[in-house]
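Below is one structure, written out as structure tokens, with a few remarks after it.
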Amino acid sequence: MKKLLLSIILFIIAIPVISAMTASEILDKAASKINSAKSITAEYTISAASNKEKGTLILASGKFTLTSGSLRSWFDGLTLWTYSPAMGEVNITNPTAEELADINPFAVINAHKQNYRSALLSSEKNIYKIDLTPVKKGMAFSKATVILDAATYLPKEIILTMPDKSKIEIAIDKVTAGNMINSRTFVFDPSYAPDAEIVDLR
């Protein structure tokens with residue numbers, strides 16, 4: 001009986017410890033989960049005002065490629081190529097961490113310690129909801145709200161609040177870890193858009 005009571009007491013004591021992770025610690029786990037995977041593929045729906053667009057983001061070792069109806073981007077860890085079919089242009093830049101966060105919603109998780117103040121809003125219904133406020137000027141958004149699956153630490157939704165209070169909501173419809181991807185996947189191939197004008201902004 002004493003052993004049973006002791007076990008119950010220890011279990012009760014342990015509950016606050018399990019749930020007492022800070023926002024920064026939770027985001028560290030999320031970043032570790034993303035970065036330790038050979039690759040991550042996320043299918044998402046982005047909503048802004050009355051517009052909705054689906055896209056796919058593939059991440060691996062700090063590199064990514066993003067495909068949507070309005071643009072396609074490739075980032076090899078240093079150089080970003082952004083192709084706009086509507087403009088018929090490929091812009092080439094060496095983006096800052098702040099600029100990457102405007103393109104790749106997962107970037108705010110990796111840069112949470114360097115560029116944001118984090119606050120845990122809730123840890124209910126098997127999710128963690130965390131606010132990230134930029135500490136540097138020049139960000140396109142004034143706040144990012146990240147909702148993580150409490151079991152996998154992978155994002156379920158990212159909401160960007162703009163300076164004018166409007167919101168961009170990125171719902172992660174499906175996210176999976178996959179195999180290693182050829183590094184050429186993250187580099188623009190001119191044959192993809194042979195008629196596009198190349199605008200080098202580096």
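Numbering starts fresh at 1 for the residues of each chain in the structure tokens, the chains themselves are lettered A, B, ... in the order given, and ligands are numbered from 1 as they appear.
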
Can you tell me which residues surround Thr185 in chain A at a distance of at most 8 Å, considering only C-alpha atoms, apart from same-chain residues fewer than 3 positions away, and format the answer as number ranges by chain? A: 65, 74, 181-182, 188

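Neighbouring residues of Ala97 in chain A at 10 Å or closer, counting only C-alpha atoms and skipping chain neighbours under 6 positions away, are Ala107, Val108, Asn110, Ala111, Gln114, Asn115 and Met139 of chain A.
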
Write a file of the just-selected residues containing N, CA, C and O atoms, as a CSV table (one decimal), in the first residue's frame.
chain,number,residue,atom,x,y,z
A,107,ALA,N,11.1,28.6,-41.2
A,107,ALA,CA,12.3,29.3,-40.8
A,107,ALA,C,12.2,30.0,-39.5
A,107,ALA,O,13.2,30.1,-38.8
A,108,VAL,N,11.0,30.4,-39.1
A,108,VAL,CA,10.8,31.1,-37.8
A,108,VAL,C,11.1,30.1,-36.7
A,108,VAL,O,11.6,30.5,-35.6
A,110,ASN,N,13.5,27.6,-36.7
A,110,ASN,CA,14.9,27.5,-36.6
A,110,ASN,C,15.6,28.7,-36.0
A,110,ASN,O,16.6,28.7,-35.3
A,111,ALA,N,15.0,29.9,-36.3
A,111,ALA,CA,15.6,31.2,-35.9
A,111,ALA,C,15.0,31.8,-34.6
A,111,ALA,O,15.2,32.9,-34.4
A,114,GLN,N,17.4,33.5,-32.2
A,114,GLN,CA,18.2,34.6,-32.7
A,114,GLN,C,17.3,35.8,-33.0
A,114,GLN,O,17.7,37.0,-32.7
A,115,ASN,N,16.1,35.6,-33.5
A,115,ASN,CA,15.3,36.7,-34.0
A,115,ASN,C,14.0,37.0,-33.4
A,115,ASN,O,13.3,38.0,-33.7
A,139,MET,N,11.2,43.1,-40.3
A,139,MET,CA,10.5,42.0,-40.6
A,139,MET,C,9.2,42.4,-41.3
A,139,MET,O,8.6,43.4,-41.0

Neighbours of Met180 in chain A within 10 Å (only C-alpha atoms; same-chain residues fewer than 2 positions away dropped), as JSON, numbers by chain? {"A": [37, 38, 39, 40, 60, 61, 177, 178, 182, 183]}

Convert the current residue selection to file output with N, CA, C and O atoms, as a compact mmCIF listing (two decimals), in the first residue's frame.
# COMPACT_ATOMS: atom_id res chain seq x y z
N ALA A 37 15.75 15.24 -39.51
CA ALA A 37 15.15 14.43 -40.59
C ALA A 37 15.99 14.57 -41.85
O ALA A 37 16.55 15.63 -42.13
N LYS A 38 16.09 13.51 -42.63
CA LYS A 38 16.81 13.57 -43.90
C LYS A 38 16.11 14.55 -44.84
O LYS A 38 16.76 15.26 -45.61
N SER A 39 14.79 14.60 -44.76
CA SER A 39 14.02 15.59 -45.50
C SER A 39 12.64 15.70 -44.86
O SER A 39 12.18 14.77 -44.19
N ILE A 40 12.01 16.85 -45.06
CA ILE A 40 10.65 17.09 -44.60
C ILE A 40 9.85 17.62 -45.78
O ILE A 40 10.28 18.53 -46.48
N ALA A 60 15.50 20.24 -46.36
CA ALA A 60 16.56 19.28 -46.03
C ALA A 60 17.85 20.03 -45.73
O ALA A 60 18.33 20.80 -46.57
N SER A 61 18.36 19.86 -44.51
CA SER A 61 19.65 20.42 -44.11
C SER A 61 19.76 21.92 -44.38
O SER A 61 20.76 22.41 -44.90
N ALA A 177 8.25 13.07 -42.83
CA ALA A 177 9.71 12.95 -42.94
C ALA A 177 10.02 11.93 -44.03
O ALA A 177 9.33 10.92 -44.17
N GLY A 178 11.05 12.23 -44.82
CA GLY A 178 11.37 11.35 -45.93
C GLY A 178 12.85 11.03 -46.03
O GLY A 178 13.62 11.27 -45.09
N ASN A 182 18.59 14.65 -53.40
CA ASN A 182 19.72 15.17 -54.17
C ASN A 182 19.81 16.68 -54.00
O ASN A 182 18.80 17.39 -54.13
N SER A 183 21.00 17.19 -53.74
CA SER A 183 21.19 18.62 -53.48
C SER A 183 20.81 19.48 -54.68
O SER A 183 20.50 20.67 -54.52

Given only C-alpha atoms as the counted atoms, nearest of A:Lys167, A:Arg184, A:Lys129, A:Lys174 to Thr56 in chain A: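 That would be A:Lys174, the residue with the smallest distance to Thr56 in chain A.
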
How many Å separate CA of Thr22 in chain A from CA of Ala151 in chain A?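 Value for the CA of Thr22 in chain A-CA of Ala151 in chain A distance: 16.0 Å.
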
Test item, helix (DSSP H, G or I) assignment across range 7-132 of chain A, answer as a PyMOL selection string: chain A and resi 7-19+23-36+97-103+107-110+112-115

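Restricting the calculation to only C-alpha atoms, the smallest distance between Lys143 in chain A and any of A:Glu43, A:Asp28, A:Glu169, A:Glu197 is found for A:Glu169.
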
Selected residue of minimal separation from Tyr83 in chain A among A:Leu27, A:Val199, A:Ala140, A:Ile158, counting only C-alpha atoms: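 For Tyr83 in chain A, the nearest of the candidates is A:Val199.
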
Of the listed residues A:Ile127, A:Leu120, A:Thr133, A:Pro95, that which approaches Thr152 in chain A most closely, counting only C-alpha atoms: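 Of A:Ile127, A:Leu120, A:Thr133, A:Pro95, the one nearest Thr152 in chain A, counting only C-alpha atoms, is A:Ile127.
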
From the options A:Val187, A:Ile198, A:Ile170, A:Ile130, which residue's atoms come nearest to Ile46 in chain A, counting only C-alpha atoms? A:Ile170

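Comparing A:Ala119, A:Val146, A:Ile159, A:Leu78 by their smallest distance to Met21 in chain A, the closest is A:Ala119 (using only C-alpha atoms).
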
Any chance you could list, as a count of residues only, the residues in range 13-195 of chain A that come up strand (DSSP E) when DSSP is run on the backbone? 81

For CA of Ser123 in chain A and CA of Asp149 in chain A, determine how far apart the two atoms are, in Å to one decimal place.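 Spanning CA of Ser123 in chain A to CA of Asp149 in chain A is a straight-line distance of 9.8 Å.
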